[in-house]
$ cat work_9.txt   # compact mmCIF, C-alpha atoms
# COMPACT_ATOMS: atom_id res chain seq x y z
CA MET A 1 110.74 -29.43 -143.94
CA LEU A 2 113.00 -31.67 -141.90
CA ASN A 3 115.17 -33.05 -144.68
CA GLU A 4 118.49 -34.54 -143.50
CA LYS A 5 117.35 -34.38 -139.86
CA VAL A 6 117.59 -37.46 -137.67
CA ALA A 7 114.76 -37.82 -135.16
CA LEU A 8 114.47 -40.26 -132.26
CA VAL A 9 110.92 -40.90 -131.06
CA THR A 10 110.61 -42.94 -127.87
CA GLY A 11 107.57 -45.14 -127.39
CA ALA A 12 106.82 -44.88 -131.11
CA SER A 13 105.25 -48.30 -131.58
CA ARG A 14 101.68 -47.09 -131.02
CA GLY A 15 99.34 -44.21 -130.26
CA ILE A 16 100.68 -40.68 -130.09
CA GLY A 17 104.27 -41.84 -130.59
CA ARG A 18 103.37 -43.61 -133.82
CA ALA A 19 101.50 -40.57 -135.14
CA ILE A 20 104.48 -38.33 -134.33
CA ALA A 21 106.93 -40.68 -136.03
CA ILE A 22 104.84 -40.74 -139.21
CA ALA A 23 104.33 -36.97 -139.18
CA LEU A 24 108.07 -36.28 -138.82
CA ALA A 25 108.86 -38.74 -141.60
CA LYS A 26 106.38 -37.03 -143.91
CA GLN A 27 108.35 -33.82 -143.36
CA GLY A 28 111.55 -35.50 -144.50
CA ALA A 29 113.18 -36.60 -141.23
CA PHE A 30 114.91 -39.96 -140.85
CA VAL A 31 112.92 -41.41 -137.94
CA ILE A 32 114.26 -43.83 -135.37
CA VAL A 33 111.29 -45.74 -133.97
CA ASN A 34 112.12 -46.60 -130.37
CA TYR A 35 110.20 -49.36 -128.61
CA ASN A 36 110.49 -51.50 -125.52
CA GLY A 37 107.49 -53.83 -125.45
CA SER A 38 106.55 -54.96 -128.96
CA MET A 39 108.94 -55.24 -131.88
CA GLU A 40 106.01 -56.18 -134.11
CA LYS A 41 104.19 -52.93 -133.29
CA ALA A 42 107.40 -50.99 -133.97
CA LYS A 43 107.72 -52.71 -137.34
CA GLU A 44 104.14 -51.70 -138.11
CA THR A 45 105.06 -48.08 -137.42
CA LEU A 46 108.07 -48.34 -139.71
CA GLU A 47 105.92 -49.86 -142.44
CA LEU A 48 103.46 -46.96 -142.13
CA ILE A 49 106.36 -44.52 -142.37
CA GLN A 50 107.56 -46.20 -145.55
CA GLU A 51 104.05 -46.27 -147.00
CA ALA A 52 103.93 -42.51 -146.43
CA GLY A 53 107.14 -42.10 -148.41
CA GLY A 54 109.40 -41.71 -145.39
CA VAL A 55 112.49 -43.49 -144.13
CA GLY A 56 113.58 -44.78 -140.75
CA GLU A 57 114.55 -47.75 -138.61
CA ILE A 58 113.49 -49.42 -135.38
CA CYS A 59 115.54 -49.41 -132.18
CA GLY A 60 114.71 -51.35 -129.03
CA CYS A 61 115.64 -49.79 -125.69
CA ASN A 62 114.12 -49.48 -122.22
CA VAL A 63 114.35 -45.74 -121.64
CA ALA A 64 114.12 -46.28 -117.87
CA ASP A 65 117.60 -47.87 -118.03
CA PHE A 66 120.22 -45.09 -117.86
CA THR A 67 123.08 -47.23 -119.17
CA ALA A 68 121.02 -48.72 -122.00
CA CYS A 69 120.01 -45.21 -123.10
CA GLY A 70 123.64 -44.20 -123.20
CA GLU A 71 124.54 -47.18 -125.38
CA MET A 72 121.59 -46.50 -127.69
CA VAL A 73 122.62 -42.88 -128.23
CA LYS A 74 126.25 -43.85 -128.74
CA ASP A 75 125.30 -46.42 -131.39
CA LEU A 76 122.92 -44.04 -133.18
CA VAL A 77 125.47 -41.23 -133.32
CA ALA A 78 128.12 -43.65 -134.61
CA LYS A 79 125.73 -44.79 -137.33
CA HIS A 80 124.12 -41.50 -138.37
CA GLY A 81 126.64 -38.91 -137.22
CA HIS A 82 124.06 -36.72 -135.50
CA ILE A 83 120.69 -36.64 -133.71
CA ASP A 84 118.76 -33.47 -134.38
CA ILE A 85 115.36 -34.12 -132.82
CA LEU A 86 114.41 -35.98 -129.65
CA ILE A 87 110.77 -36.73 -128.88
CA ASN A 88 110.27 -38.12 -125.39
CA ASN A 89 106.94 -39.87 -125.69
CA ALA A 90 107.42 -43.22 -123.89
CA GLY A 91 105.04 -43.54 -120.97
CA ILE A 92 102.97 -45.98 -118.93
CA THR A 93 100.15 -45.88 -116.38
CA ARG A 94 99.59 -47.86 -113.19
CA ASP A 95 96.43 -46.22 -111.89
CA GLY A 96 95.11 -46.48 -108.36
CA LEU A 97 93.99 -44.40 -105.43
CA LEU A 98 96.83 -42.81 -103.46
CA ALA A 99 95.93 -44.58 -100.19
CA ARG A 100 96.15 -47.96 -101.92
CA MET A 101 98.96 -47.35 -104.43
CA SER A 102 101.93 -49.66 -104.07
CA GLU A 103 105.48 -48.35 -103.95
CA GLU A 104 106.24 -50.50 -106.98
CA ASP A 105 103.47 -48.90 -109.05
CA PHE A 106 104.61 -45.41 -108.10
CA ASP A 107 108.28 -46.11 -108.82
CA ARG A 108 107.63 -47.87 -112.12
CA VAL A 109 105.60 -44.99 -113.58
CA VAL A 110 108.12 -42.38 -112.45
CA ASP A 111 111.03 -44.49 -113.75
CA VAL A 112 109.59 -44.80 -117.25
CA ASN A 113 107.82 -41.47 -117.66
CA LEU A 114 110.11 -39.03 -115.84
CA LYS A 115 113.46 -40.73 -115.40
CA GLY A 116 113.21 -42.13 -118.92
CA CYS A 117 112.81 -38.58 -120.17
CA PHE A 118 115.86 -37.51 -118.15
CA ASN A 119 117.91 -40.47 -119.39
CA THR A 120 117.50 -39.72 -123.07
CA MET A 121 117.92 -35.96 -122.57
CA ARG A 122 121.06 -36.49 -120.49
CA HIS A 123 122.80 -38.51 -123.19
CA ILE A 124 121.49 -36.76 -126.31
CA SER A 125 122.05 -33.25 -124.94
CA ARG A 126 125.80 -33.92 -124.96
CA GLN A 127 125.66 -34.65 -128.68
CA MET A 128 123.42 -31.65 -129.35
CA LEU A 129 125.85 -29.40 -127.43
CA LYS A 130 128.61 -30.55 -129.77
CA GLN A 131 126.35 -29.88 -132.75
CA ARG A 132 125.38 -26.50 -131.29
CA GLY A 133 121.75 -27.18 -132.08
CA GLY A 134 118.83 -29.50 -131.62
CA LYS A 135 115.16 -29.85 -130.76
CA ILE A 136 113.84 -31.66 -127.70
CA ILE A 137 110.09 -32.10 -127.28
CA ASN A 138 108.79 -33.85 -124.17
CA LEU A 139 105.29 -35.28 -123.91
CA SER A 140 103.71 -34.20 -120.63
CA SER A 141 99.94 -34.33 -120.04
CA VAL A 142 97.04 -32.13 -119.04
CA THR A 143 96.99 -34.22 -115.84
CA GLY A 144 100.44 -32.89 -115.00
CA ILE A 145 98.88 -29.42 -114.93
CA ILE A 146 95.49 -29.99 -113.28
CA GLY A 147 95.90 -33.40 -111.58
CA ASN A 148 93.55 -36.37 -111.80
CA PRO A 149 92.10 -38.65 -109.08
CA GLY A 150 93.54 -42.16 -109.17
CA GLN A 151 96.66 -41.11 -111.06
CA ALA A 152 98.96 -39.59 -108.45
CA ASN A 153 101.99 -41.39 -109.88
CA TYR A 154 101.22 -40.50 -113.50
CA CYS A 155 100.38 -36.87 -112.69
CA ALA A 156 103.56 -36.49 -110.63
CA SER A 157 105.67 -37.87 -113.47
CA LYS A 158 104.07 -35.59 -116.04
CA ALA A 159 104.36 -32.52 -113.80
CA GLY A 160 108.00 -33.42 -113.30
CA ILE A 161 108.52 -33.41 -117.06
CA ILE A 162 107.36 -29.79 -117.15
CA GLY A 163 109.95 -28.79 -114.56
CA LEU A 164 112.63 -30.78 -116.37
CA THR A 165 111.71 -29.12 -119.66
CA LYS A 166 111.93 -25.58 -118.29
CA SER A 167 115.24 -26.21 -116.51
CA ALA A 168 116.81 -27.82 -119.59
CA ALA A 169 115.60 -24.97 -121.80
CA LYS A 170 117.49 -22.49 -119.62
CA GLU A 171 120.62 -24.63 -119.58
CA LEU A 172 120.79 -25.50 -123.28
CA GLY A 173 119.39 -22.41 -124.99
CA SER A 174 122.75 -20.67 -125.42
CA ARG A 175 123.85 -23.51 -127.71
CA GLY A 176 120.84 -23.25 -129.98
CA ILE A 177 118.96 -26.16 -128.42
CA THR A 178 115.25 -25.66 -127.79
CA VAL A 179 113.35 -27.70 -125.21
CA ASN A 180 109.56 -27.66 -125.10
CA ALA A 181 106.74 -29.77 -123.73
CA VAL A 182 103.40 -30.75 -125.22
CA ALA A 183 100.57 -31.59 -122.83
CA PRO A 184 97.86 -33.69 -124.50
CA GLY A 185 94.40 -33.99 -122.99
CA LEU A 186 91.92 -36.78 -123.73
CA ILE A 187 93.35 -38.33 -126.89
CA GLU A 188 91.94 -41.41 -128.62
CA THR A 189 94.64 -44.04 -128.04
CA GLU A 190 94.88 -47.62 -126.76
CA MET A 191 95.65 -46.17 -123.32
CA THR A 192 92.49 -44.05 -123.10
CA GLU A 193 90.34 -46.79 -124.63
CA LYS A 194 90.87 -48.73 -121.40
CA LEU A 195 89.05 -46.05 -119.42
CA PRO A 196 85.41 -46.79 -118.50
CA GLU A 197 82.93 -45.08 -120.81
CA SER A 198 81.51 -43.15 -117.86
CA ALA A 199 84.96 -41.73 -117.09
CA ARG A 200 85.51 -40.77 -120.71
CA GLU A 201 82.18 -38.96 -120.88
CA ALA A 202 82.88 -37.15 -117.60
CA MET A 203 86.20 -35.95 -119.02
CA LYS A 204 84.54 -34.73 -122.22
CA GLU A 205 82.19 -32.59 -120.12
CA GLN A 206 85.27 -30.70 -118.91
CA ILE A 207 86.44 -29.97 -122.46
CA PRO A 208 85.17 -26.72 -124.04
CA LEU A 209 85.44 -28.23 -127.53
CA GLY A 210 83.28 -31.13 -126.33
CA ARG A 211 85.28 -33.94 -127.86
CA SER A 212 88.42 -36.00 -127.53
CA GLY A 213 91.44 -35.35 -129.73
CA SER A 214 93.35 -37.51 -132.17
CA PRO A 215 97.02 -38.56 -132.06
CA GLU A 216 97.49 -36.70 -135.34
CA GLU A 217 96.41 -33.42 -133.71
CA VAL A 218 99.16 -33.85 -131.12
CA ALA A 219 101.65 -34.85 -133.81
CA GLY A 220 100.94 -31.63 -135.71
CA VAL A 221 102.05 -29.50 -132.77
CA VAL A 222 105.12 -31.65 -132.15
CA THR A 223 106.14 -31.42 -135.81
CA PHE A 224 105.83 -27.63 -135.68
CA LEU A 225 108.06 -27.46 -132.58
CA ALA A 226 110.62 -29.65 -134.35
CA SER A 227 110.74 -27.32 -137.35
CA GLU A 228 112.68 -24.13 -138.05
CA ALA A 229 109.42 -22.20 -137.68
CA ALA A 230 109.72 -22.79 -133.91
CA ASP A 231 113.37 -21.75 -133.54
CA TYR A 232 112.44 -18.92 -131.15
CA ILE A 233 110.21 -21.02 -128.92
CA THR A 234 111.72 -22.73 -125.88
CA GLY A 235 110.76 -23.64 -122.33
CA GLN A 236 107.07 -23.67 -123.22
CA VAL A 237 104.25 -26.07 -122.38
CA ILE A 238 101.69 -26.25 -125.16
CA SER A 239 98.41 -27.91 -124.23
CA VAL A 240 96.61 -29.92 -126.89
CA ASP A 241 93.51 -30.58 -124.84
CA GLY A 242 90.50 -28.85 -126.40
CA GLY A 243 90.66 -26.28 -123.62
CA MET A 244 90.44 -28.79 -120.77
CA ALA A 245 93.09 -27.04 -118.63
CA ILE A 246 91.56 -23.56 -118.93

$ encode --input "work_9.txt" --output "C-alpha cells"
Amino acid sequence: MLNEKVALVTGASRGIGRAIAIALAKQGAFVIVNYNGSMEKAKETLELIQEAGGVGEICGCNVADFTACGEMVKDLVAKHGHIDILINNAGITRDGLLARMSEEDFDRVVDVNLKGCFNTMRHISRQMLKQRGGKIINLSSVTGIIGNPGQANYCASKAGIIGLTKSAAKELGSRGITVNAVAPGLIETEMTEKLPESAREAMKEQIPLGRSGSPEEVAGVVTFLASEAADYITGQVISVDGGMAI
C-alpha cells in the first residue's frame, strides 16, 4: 500500500498516464495529476480517481520548461511537505522519415520526452535527497530498445531515458532513492489508435503473445515499482511488450 505517499504523474490526463494515476490512487497514494494540453482531460482523470475511492489534485505544467518544473516542485513541496513518487510519463510523437524530419520536430520530441524527464528528476531529486528516499519511474518504450522506422526522434528520446535512468540510479541509490524505467510495447491508447491498421497488425506479428497490451497492464508494473516490494530494484528497464523486444 502507498498510504501517506505523494505521487506526481506527468502526462496523466489520458492513456497510460491516466491508468497509472488511478492505480496509484487505489493503493492509497495522494496523486498529483500533471497535464499540459487539456485541463478537462485532467479533471476527468481526477474524477476517475475519486470514483475509485482515491484522492488527488490536478497541476498544469509544461515539463519541457525547466523553470516551470522548478516552480511546480517548489509549490508542491510547500503544500504537501514531501514528494515520494515521481512517474515521468509525459510524451509526444512527431513521426517522419529521418531524411525528411524537420529540426523542429526532432527538437520538440526530445524536449518533451527526454528533457522533460530530466527537468522533473533534477528538481524532485533534491527533495528526495533531503527525505533520504523516493521512487522515480520513467516511461521509456520498446522503440527505445529496438528502434522503429519513421520515429528516429521518438526512439532517440526513449533510448535517452534509459541512459538517464541508469545514471540517476547510480547517483541516488546511496540515499535510498530507486530509479527504474518501464518500456511499454504496443499499448491501446489514443496515440497508437492513430497508427494505420496495417501498421498495427504488422507490429502484432512481432509480438509473441500476439496482441496489444492495455494501459492497466503497464500501470500494474509501475505500481509495483513504486511500492516497498520493489525497494531492492533500481537501474532496471522492465519491458511490458508481450515479448516484442526479445

$ closest_residue --input "work_9.txt" --among "A:Ser38, A:Ser157, A:Thr192, A:Thr165" --to "Thr143 of chain A" --atoms "all atoms listed in the file"
A:Ser157

$ atom_distance --input "work_9.txt" --atom1 "atom CA of Ile246 of chain A" --atom2 "atom CA of Ala21 of chain A"
28.7 Å

$ atom_distance --input "work_9.txt" --atom1 "atom CA of Ala78 of chain A" --atom2 "atom CA of Ser13 of chain A"
23.5 Å

$ closest_residue --input "work_9.txt" --among "A:Thr234, A:Ser102, A:Thr120, A:Asn62" --to "Ser174 of chain A" --atoms "only C-alpha atoms"
A:Thr234

$ residues_around --input "work_9.txt" --residues "Lys135 of chain A" --least-positions-apart "2" --cutoff "9 Å" --atoms "all atoms listed in the file" --output "VMD selection string"
chain A and resid 84 to 87 128 133 137 176 to 180 225 to 227 231

$ build_atoms --input "work_9.txt" --residues "segment 38-61 of chain A" --atoms "N, CA and C atoms" --output "CSV table (one decimal), keeping the file's coordinate frame"
chain,number,residue,atom,x,y,z
A,38,SER,N,106.9,-54.1,-127.8
A,38,SER,CA,106.6,-55.0,-129.0
A,38,SER,C,107.3,-54.6,-130.2
A,39,MET,N,108.2,-55.5,-130.6
A,39,MET,CA,108.9,-55.2,-131.9
A,39,MET,C,108.0,-55.2,-133.1
A,40,GLU,N,107.0,-56.1,-133.0
A,40,GLU,CA,106.0,-56.2,-134.1
A,40,GLU,C,105.3,-54.9,-134.3
A,41,LYS,N,104.9,-54.2,-133.2
A,41,LYS,CA,104.2,-52.9,-133.3
A,41,LYS,C,105.1,-51.9,-133.9
A,42,ALA,N,106.4,-51.9,-133.5
A,42,ALA,CA,107.4,-51.0,-134.0
A,42,ALA,C,107.6,-51.2,-135.5
A,43,LYS,N,107.6,-52.4,-135.9
A,43,LYS,CA,107.7,-52.7,-137.3
A,43,LYS,C,106.5,-52.2,-138.1
A,44,GLU,N,105.3,-52.3,-137.5
A,44,GLU,CA,104.1,-51.7,-138.1
A,44,GLU,C,104.3,-50.2,-138.3
A,45,THR,N,104.8,-49.5,-137.3
A,45,THR,CA,105.1,-48.1,-137.4
A,45,THR,C,106.0,-47.8,-138.6
A,46,LEU,N,107.1,-48.6,-138.6
A,46,LEU,CA,108.1,-48.3,-139.7
A,46,LEU,C,107.4,-48.6,-141.1
A,47,GLU,N,106.6,-49.6,-141.2
A,47,GLU,CA,105.9,-49.9,-142.4
A,47,GLU,C,105.0,-48.7,-142.8
A,48,LEU,N,104.3,-48.1,-141.8
A,48,LEU,CA,103.5,-47.0,-142.1
A,48,LEU,C,104.3,-45.7,-142.6
A,49,ILE,N,105.5,-45.6,-142.0
A,49,ILE,CA,106.4,-44.5,-142.4
A,49,ILE,C,106.8,-44.7,-143.8
A,50,GLN,N,107.1,-45.9,-144.2
A,50,GLN,CA,107.6,-46.2,-145.6
A,50,GLN,C,106.4,-46.0,-146.5
A,51,GLU,N,105.2,-46.4,-146.1
A,51,GLU,CA,104.0,-46.3,-147.0
A,51,GLU,C,103.8,-44.8,-147.3
A,52,ALA,N,104.1,-44.0,-146.3
A,52,ALA,CA,103.9,-42.5,-146.4
A,52,ALA,C,105.1,-41.8,-147.2
A,53,GLY,N,106.0,-42.6,-147.7
A,53,GLY,CA,107.1,-42.1,-148.4
A,53,GLY,C,108.3,-41.7,-147.6
A,54,GLY,N,108.3,-42.1,-146.3
A,54,GLY,CA,109.4,-41.7,-145.4
A,54,GLY,C,110.4,-42.8,-145.2
A,55,VAL,N,111.4,-42.5,-144.4
A,55,VAL,CA,112.5,-43.5,-144.1
A,55,VAL,C,112.8,-43.5,-142.6
A,56,GLY,N,113.3,-44.7,-142.2
A,56,GLY,CA,113.6,-44.8,-140.8
A,56,GLY,C,114.1,-46.2,-140.4
A,57,GLU,N,114.1,-46.4,-139.1
A,57,GLU,CA,114.6,-47.8,-138.6
A,57,GLU,C,114.0,-47.9,-137.2
A,58,ILE,N,114.0,-49.2,-136.7
A,58,ILE,CA,113.5,-49.4,-135.4
A,58,ILE,C,114.7,-49.6,-134.4
A,59,CYS,N,114.5,-49.3,-133.2
A,59,CYS,CA,115.5,-49.4,-132.2
A,59,CYS,C,114.9,-49.8,-130.8
A,60,GLY,N,115.2,-50.9,-130.3
A,60,GLY,CA,114.7,-51.4,-129.0
A,60,GLY,C,115.6,-50.8,-127.9
A,61,CYS,N,114.9,-50.3,-126.9
A,61,CYS,CA,115.6,-49.8,-125.7
A,61,CYS,C,114.6,-49.4,-124.6
